[in-house]
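A.B. asks: See protein34.txt below, with compact mmCIF, C-alpha atoms (C1' of nucleotides).
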# COMPACT_ATOMS: atom_id res chain seq x y z
CA MET A 1 83.28 127.15 113.20
CA ARG A 2 85.88 125.85 110.77
CA ILE A 3 87.12 122.27 111.06
CA ALA A 4 89.89 120.74 108.96
CA THR A 5 91.56 117.38 108.49
CA TRP A 6 94.99 116.61 107.08
CA ASN A 7 97.05 113.45 106.75
CA VAL A 8 100.52 114.96 107.17
CA ASN A 9 102.62 111.79 106.65
CA SER A 10 105.01 112.56 109.52
CA LEU A 11 104.46 115.60 111.73
CA THR A 12 108.20 115.79 112.29
CA VAL A 13 108.70 116.61 108.64
CA ARG A 14 105.52 118.62 108.16
CA LEU A 15 105.32 120.74 111.34
CA PRO A 16 106.44 123.95 109.58
CA GLN A 17 103.75 123.42 106.94
CA VAL A 18 101.13 122.76 109.62
CA LEU A 19 102.05 125.97 111.43
CA ASP A 20 101.89 127.89 108.14
CA TRP A 21 98.49 126.40 107.35
CA LEU A 22 97.09 127.21 110.79
CA ALA A 23 98.27 130.81 110.46
CA ALA A 24 96.80 131.17 106.98
CA HIS A 25 93.42 129.53 107.65
CA GLN A 26 92.83 130.01 111.37
CA PRO A 27 90.65 126.90 111.78
CA ASP A 28 88.96 126.24 115.11
CA ALA A 29 90.07 122.62 114.85
CA LEU A 30 92.58 120.70 112.77
CA CYS A 31 92.67 116.90 112.94
CA LEU A 32 95.92 115.28 111.90
CA GLN A 33 96.63 111.74 110.78
CA GLU A 34 99.88 109.82 110.34
CA THR A 35 101.82 111.94 112.82
CA LYS A 36 104.24 108.97 113.13
CA LEU A 37 105.38 110.17 116.55
CA THR A 38 105.52 108.63 119.98
CA ASP A 39 103.63 110.75 122.50
CA ASP A 40 106.80 112.05 124.16
CA LYS A 41 107.85 113.66 120.86
CA PHE A 42 104.59 115.47 120.04
CA PRO A 43 105.33 119.18 119.33
CA HIS A 44 102.66 120.60 121.64
CA THR A 45 104.89 123.49 122.72
CA GLU A 46 105.32 124.78 119.18
CA LEU A 47 101.60 124.47 118.53
CA ALA A 48 100.78 126.25 121.80
CA ALA A 49 103.04 129.11 120.76
CA ALA A 50 100.88 129.37 117.63
CA GLY A 51 97.76 129.66 119.79
CA TYR A 52 96.55 126.07 119.60
CA GLN A 53 96.18 123.37 122.19
CA SER A 54 96.59 119.72 121.32
CA GLN A 55 95.33 116.29 122.16
CA TRP A 56 97.44 113.52 120.71
CA PHE A 57 97.67 109.77 120.48
CA GLY A 58 100.65 108.29 118.70
CA GLN A 59 103.03 105.40 118.39
CA LYS A 60 106.41 104.67 116.90
CA THR A 61 106.86 104.77 113.09
CA TYR A 62 103.24 104.33 112.01
CA ASN A 63 99.79 105.88 112.40
CA GLY A 64 99.24 108.52 115.10
CA VAL A 65 96.46 111.11 115.31
CA ALA A 66 95.95 114.51 116.91
CA LEU A 67 93.27 117.08 117.61
CA ILE A 68 94.53 120.66 117.46
CA THR A 69 92.06 123.28 118.65
CA ARG A 70 91.93 126.92 119.67
CA ALA A 71 89.53 126.24 122.56
CA PRO A 72 89.76 123.35 125.01
CA VAL A 73 87.99 120.08 124.21
CA ASP A 74 86.11 117.84 126.65
CA ALA A 75 85.62 114.10 126.89
CA VAL A 76 88.70 113.05 124.95
CA ALA A 77 88.62 109.46 123.69
CA LYS A 78 91.44 107.50 122.10
CA ASN A 79 90.73 104.70 119.65
CA ILE A 80 87.36 102.95 119.45
CA PRO A 81 85.99 102.03 122.88
CA GLY A 82 85.39 98.30 122.98
CA TYR A 83 87.58 97.61 119.96
CA ALA A 84 91.00 96.43 121.13
CA ASP A 85 93.67 97.83 118.80
CA GLU A 86 97.44 98.06 118.94
CA GLN A 87 97.39 100.87 116.39
CA SER A 88 96.76 104.54 117.25
CA ARG A 89 94.08 105.60 114.79
CA VAL A 90 91.33 107.61 116.47
CA ILE A 91 91.08 110.66 118.71
CA ALA A 92 87.83 112.35 119.69
CA GLY A 93 86.82 115.37 121.72
CA THR A 94 83.85 117.66 122.25
CA LEU A 95 84.28 121.25 121.10
CA ASN A 96 81.54 123.84 121.63
CA GLY A 97 78.95 121.08 121.86
CA VAL A 98 80.13 119.37 118.68
CA ARG A 99 81.48 115.84 118.99
CA LEU A 100 84.59 115.85 116.79
CA ILE A 101 86.11 112.53 115.82
CA GLY A 102 89.36 112.36 113.86
CA ALA A 103 90.37 109.01 112.39
CA TYR A 104 93.06 107.39 110.31
CA PHE A 105 91.25 104.47 108.72
CA PRO A 106 93.36 101.39 107.90
CA ASN A 107 94.74 101.27 104.39
CA GLY A 108 94.03 97.59 103.78
CA GLN A 109 96.97 97.03 101.41
CA ALA A 110 95.20 94.53 99.11
CA PRO A 111 91.73 92.97 99.06
CA ASP A 112 93.12 89.46 99.65
CA SER A 113 95.41 90.43 102.53
CA ASP A 114 95.22 90.09 106.31
CA LYS A 115 95.34 93.88 106.45
CA PHE A 116 92.10 94.04 104.49
CA GLN A 117 90.46 91.76 107.06
CA TYR A 118 91.70 94.12 109.77
CA LYS A 119 90.28 97.06 107.84
CA MET A 120 86.88 95.39 107.62
CA ALA A 121 86.84 94.52 111.34
CA TRP A 122 87.96 98.05 112.25
CA LEU A 123 85.21 99.53 110.08
CA GLU A 124 82.65 97.32 111.85
CA GLY A 125 83.90 98.57 115.21
CA LEU A 126 83.86 102.19 114.07
CA GLN A 127 80.34 101.94 112.67
CA ALA A 128 78.98 100.45 115.91
CA TRP A 129 80.72 103.14 117.99
CA ILE A 130 79.55 106.05 115.82
CA ASN A 131 76.01 104.69 116.06
CA GLU A 132 76.30 104.86 119.86
CA GLU A 133 77.97 108.28 119.88
CA LEU A 134 75.14 109.75 117.80
CA LYS A 135 72.66 108.82 120.53
CA SER A 136 74.35 111.17 122.99
CA HIS A 137 75.83 113.66 120.50
CA ALA A 138 73.37 114.68 117.79
CA ARG A 139 75.93 117.23 116.60
CA LEU A 140 78.79 115.06 115.40
CA VAL A 141 81.55 115.41 112.80
CA LEU A 142 83.64 112.44 111.64
CA VAL A 143 86.76 113.50 109.75
CA GLY A 144 89.98 112.00 108.56
CA ASP A 145 91.77 109.82 106.08
CA TYR A 146 89.11 107.22 105.32
CA ASN A 147 91.22 105.33 102.79
CA ILE A 148 88.00 104.85 100.82
CA ALA A 149 87.09 106.50 97.52
CA PRO A 150 83.28 106.47 97.89
CA GLU A 151 82.32 106.64 94.21
CA ASP A 152 83.84 106.39 90.75
CA GLN A 153 83.79 110.20 90.51
CA ASP A 154 86.32 110.17 93.36
CA VAL A 155 88.90 108.24 91.30
CA PHE A 156 90.98 109.60 88.40
CA ASP A 157 90.83 106.29 86.55
CA PRO A 158 87.89 104.30 87.91
CA VAL A 159 88.33 101.53 85.34
CA ALA A 160 91.94 100.85 86.31
CA TRP A 161 91.07 101.11 90.02
CA ALA A 162 87.92 98.98 89.91
CA GLY A 163 88.10 96.40 92.69
CA GLN A 164 91.48 97.69 93.86
CA ILE A 165 92.20 98.73 97.42
CA LEU A 166 90.38 101.97 98.40
CA CYS A 167 87.74 101.21 95.73
CA THR A 168 86.40 97.74 96.53
CA PRO A 169 82.64 97.23 96.87
CA GLU A 170 83.20 96.11 100.48
CA GLU A 171 84.93 99.37 101.42
CA ARG A 172 82.34 101.45 99.59
CA ALA A 173 79.54 99.56 101.34
CA HIS A 174 81.09 100.49 104.68
CA PHE A 175 81.17 104.15 103.64
CA GLN A 176 77.47 103.93 102.73
CA ARG A 177 76.72 102.30 106.08
CA LEU A 178 78.28 105.28 107.84
CA LEU A 179 76.06 107.58 105.78
CA SER A 180 73.03 105.45 106.67
CA LEU A 181 73.63 106.22 110.37
CA GLY A 182 72.57 109.78 109.56
CA LEU A 183 75.81 111.30 108.29
CA HIS A 184 76.42 113.41 105.18
CA ASP A 185 79.50 113.87 102.99
CA ALA A 186 80.02 117.62 103.48
CA PHE A 187 82.04 117.90 100.27
CA ARG A 188 79.10 116.69 98.18
CA LEU A 189 76.66 119.14 99.73
CA PHE A 190 78.09 121.66 97.26
CA GLU A 191 78.92 121.84 93.60
CA GLN A 192 82.57 120.94 93.27
CA PRO A 193 85.08 121.04 90.45
CA ALA A 194 85.35 117.81 88.45
CA LYS A 195 88.41 115.72 89.30
CA SER A 196 88.59 116.85 92.91
CA TRP A 197 91.10 114.70 94.82
CA SER A 198 92.59 114.77 98.31
CA TRP A 199 95.50 112.39 97.67
CA TRP A 200 98.01 112.03 94.86
CA ASP A 201 100.68 109.29 94.75
CA TYR A 202 104.20 110.58 95.20
CA ARG A 203 105.19 108.54 92.15
CA ASN A 204 104.54 109.00 88.45
CA LEU A 205 104.24 112.80 88.56
CA ALA A 206 100.72 112.08 89.79
CA PHE A 207 100.08 115.55 91.23
CA ARG A 208 101.34 117.32 88.13
CA LYS A 209 99.04 115.14 86.03
CA ASN A 210 96.21 115.50 88.59
CA GLN A 211 95.93 111.75 88.96
CA GLY A 212 94.48 111.30 92.43
CA LEU A 213 91.71 109.96 94.61
CA ARG A 214 89.34 111.60 97.07
CA ILE A 215 89.84 109.54 100.22
CA ASP A 216 89.90 112.22 102.96
CA HIS A 217 86.42 113.13 104.11
CA ILE A 218 84.29 115.18 106.47
CA LEU A 219 80.98 113.61 107.46
CA VAL A 220 78.47 115.69 109.41
CA SER A 221 75.42 114.46 111.29
CA ASP A 222 71.81 115.24 110.36
CA ALA A 223 71.63 117.91 113.07
CA LEU A 224 74.58 119.79 111.53
CA LYS A 225 73.78 119.36 107.85
CA SER A 226 71.93 122.65 107.46
CA ALA A 227 74.74 124.48 109.29
CA VAL A 228 77.38 123.55 106.70
CA THR A 229 78.14 126.66 104.62
CA ALA A 230 81.26 125.52 102.73
CA CYS A 231 83.55 122.54 102.23
CA SER A 232 86.69 122.40 100.13
CA ILE A 233 89.99 120.67 99.49
CA ASP A 234 93.05 122.94 99.72
CA LYS A 235 95.45 121.71 97.03
CA LEU A 236 98.05 124.41 97.72
CA PRO A 237 100.06 122.54 100.38
CA ARG A 238 100.56 119.70 97.89
CA LYS A 239 102.66 122.17 95.88
CA ASN A 240 105.06 122.77 98.79
CA GLU A 241 108.59 121.49 98.86
CA ARG A 242 108.51 118.09 100.59
CA PRO A 243 104.70 117.94 100.62
CA SER A 244 102.49 115.39 102.26
CA ASP A 245 100.85 113.17 99.67
CA HIS A 246 97.46 114.31 101.09
CA ALA A 247 95.85 117.76 100.97
CA PRO A 248 93.84 119.31 103.82
CA VAL A 249 90.04 119.26 103.63
CA TRP A 250 88.03 121.84 105.55
CA VAL A 251 84.41 122.61 106.38
CA THR A 252 82.72 125.70 107.73
CA LEU A 253 79.75 125.31 110.09
CA ASP A 254 77.44 128.20 110.89
CA THR A 255 77.01 127.34 114.55
CA PRO A 256 76.57 129.58 117.59
CA GLY A 257 79.64 129.92 119.80
C1' DA B 258 106.40 96.71 84.78
C1' DT B 259 105.04 93.54 91.10
C1' DG B 260 108.35 100.28 88.88
C1' DA B 261 108.47 105.19 89.62
C1' DC B 262 108.36 108.45 95.74
C1' DT B 263 108.64 109.38 100.69
C1' DC B 264 108.88 108.14 105.37
C1' DC B 265 110.69 105.34 109.01
C1' DC B 266 114.06 102.41 111.39
C1' DA B 267 117.68 100.66 110.24
C1' DG B 268 122.42 100.58 109.19
C1' DT B 269 124.54 100.78 102.84
C1' DG B 270 118.14 97.39 102.70
C1' DG B 271 113.19 96.76 103.43
C1' DG B 272 108.33 97.55 104.89
C1' DA B 273 104.44 100.45 104.41
C1' DG B 274 101.74 103.67 102.44
C1' DA B 275 97.60 104.13 98.76
Once you've parsed the file, please lay out its structure as structure tokens.
C.D. replies:
Amino acid sequence: MRIATWNVNSLTVRLPQVLDWLAAHQPDALCLQETKLTDDKFPHTELAAAGYQSQWFGQKTYNGVALITRAPVDAVAKNIPGYADEQSRVIAGTLNGVRLIGAYFPNGQAPDSDKFQYKMAWLEGLQAWINEELKSHARLVLVGDYNIAPEDQDVFDPVAWAGQILCTPEERAHFQRLLSLGLHDAFRLFEQPAKSWSWWDYRNLAFRKNQGLRIDHILVSDALKSAVTACSIDKLPRKNERPSDHAPVWVTLDTPG
DNA sequence: ATGACTCCCAGTGGGAGA
């Protein structure tokens, strides 16, 4: 089973690229973030014509997530149960016995901002929920735009970014807490090229200079760790005309079904 | 350089993203 995640920064703009990517890679599931669409505008018809069914959860202008799968999913959940939130950031479903959770983590803006406090509270809520989900779903995958660079090796200039948003000790501690629930960073289960990033700023010719961060992740539970056969970042879509600032990340699981 | 780009909703500017 192949699962992918991609922050598309507007599905309206990026739908042709998503359809191209689905055709080229044939994933079993693709989780999208920052669709920036109200639910009435979600392009489920176009995706169905490409052989994929969709679950979606959006809002106007900001955020918005979707689960695009070849086979139907069960037990769809939207946002974090028990954590009241105006923002559409999480969608989950069960696919072939695997609990798949796609999330657009808050950005946080700046460590001294109200948005950072929201990010911390949201991360607390997520951590508590994932802990509960693991009790009933040993086979669980948590993917998405985490807006956290877990380690210095995930940052092109760790000195300049030290203590900045996406790299604060508080955010990194939350990432480690997720791992401590029994999750594993699929990307780091394999040898990877140095300077592997999933996001490059639109400004400053950042992609051309390969100045990026690795902030999009795929975490797999203990029960799935040995099933992971590959995990990679696909930089190619970042070279498209009008690209998203994020690249897709995908994982392959050797699972029955 | 508190920049640079892109998206959105707006409405010829401003917020947000990361």
A.B. asks: Per residue of chain A within 12 Å of chain B, what are the shortest atom pair and its distance in Å to one decimal, counting all atoms listed in the file, with rows by chain and residue number, as CSV?
C.D. replies:
residue,atom,partner,partner_atom,distance
A:Asn7,CA,B:DG274,C1',11.7
A:Val8,CA,B:DC264,C1',10.9
A:Asn9,CA,B:DC264,C1',7.4
A:Ser10,CA,B:DC264,C1',7.2
A:Leu11,CA,B:DC264,C1',10.8
A:Thr12,CA,B:DC264,C1',10.3
A:Val13,CA,B:DC264,C1',9.1
A:Arg14,CA,B:DC264,C1',11.4
A:Glu34,CA,B:DG274,C1',10.2
A:Thr35,CA,B:DC264,C1',10.9
A:Lys36,CA,B:DC265,C1',8.5
A:Leu37,CA,B:DC265,C1',10.4
A:Lys60,CA,B:DC265,C1',9.0
A:Thr61,CA,B:DC265,C1',5.6
A:Tyr62,CA,B:DC265,C1',8.1
A:Asn63,CA,B:DG274,C1',10.4
A:Phe105,CA,B:DA275,C1',11.8
A:Pro106,CA,B:DG274,C1',10.3
A:Asn107,CA,B:DA275,C1',6.9
A:Gly108,CA,B:DA275,C1',9.0
A:Gln109,CA,B:DA275,C1',7.6
A:Ala110,CA,B:DA275,C1',9.9
A:Lys115,CA,B:DA273,C1',11.4
A:Asp145,CA,B:DA275,C1',11.0
A:Tyr146,CA,B:DA275,C1',11.2
A:Asn147,CA,B:DA275,C1',7.6
A:Ile148,CA,B:DA275,C1',9.8
A:Ala149,CA,B:DA275,C1',10.8
A:Trp161,CA,B:DA275,C1',11.3
A:Gln164,CA,B:DA275,C1',10.1
A:Ile165,CA,B:DA275,C1',7.8
A:Leu166,CA,B:DA275,C1',7.5
A:Cys167,CA,B:DA275,C1',10.7
A:Ser198,CA,B:DA275,C1',11.8
A:Trp199,CA,B:DA275,C1',8.6
A:Trp200,CA,B:DA275,C1',8.8
A:Asp201,CA,B:DA275,C1',7.2
A:Tyr202,CA,B:DC262,C1',4.7
A:Arg203,CA,B:DC262,C1',4.8
A:Asn204,CA,B:DA261,C1',5.6
A:Leu205,CA,B:DA261,C1',8.8
A:Ala206,CA,B:DC262,C1',10.3
A:Phe207,CA,B:DC262,C1',11.8
A:Gly212,CA,B:DA275,C1',10.1
A:Leu213,CA,B:DA275,C1',9.3
A:Arg214,CA,B:DA275,C1',11.3
A:Ile215,CA,B:DA275,C1',9.6
A:Asp216,CA,B:DA275,C1',11.9
A:Arg242,CA,B:DT263,C1',8.7
A:Pro243,CA,B:DT263,C1',9.4
A:Ser244,CA,B:DT263,C1',8.7
A:Asp245,CA,B:DT263,C1',8.7
A:His246,CA,B:DA275,C1',10.4
A.B. asks: For a test of reading the model, state the distance in Å between atom CA of A:Ala66 and atom CA of A:Leu32, rounded to one decimal.
C.D. replies: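 Pair atom CA of A:Ala66 / atom CA of A:Leu32 returns 5.1 Å.
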A.B. asks: Would you work out the distance separating atom CA of A:Leu95 from atom CA of A:Thr69, expressed in Å to one decimal?
C.D. replies: 8.4 Å
A.B. asks: Do you have the atom CA of A:Pro248-atom CA of A:Leu179 distance handy?
C.D. replies: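 Separation between atom CA of A:Pro248 and atom CA of A:Leu179: 21.4 Å.
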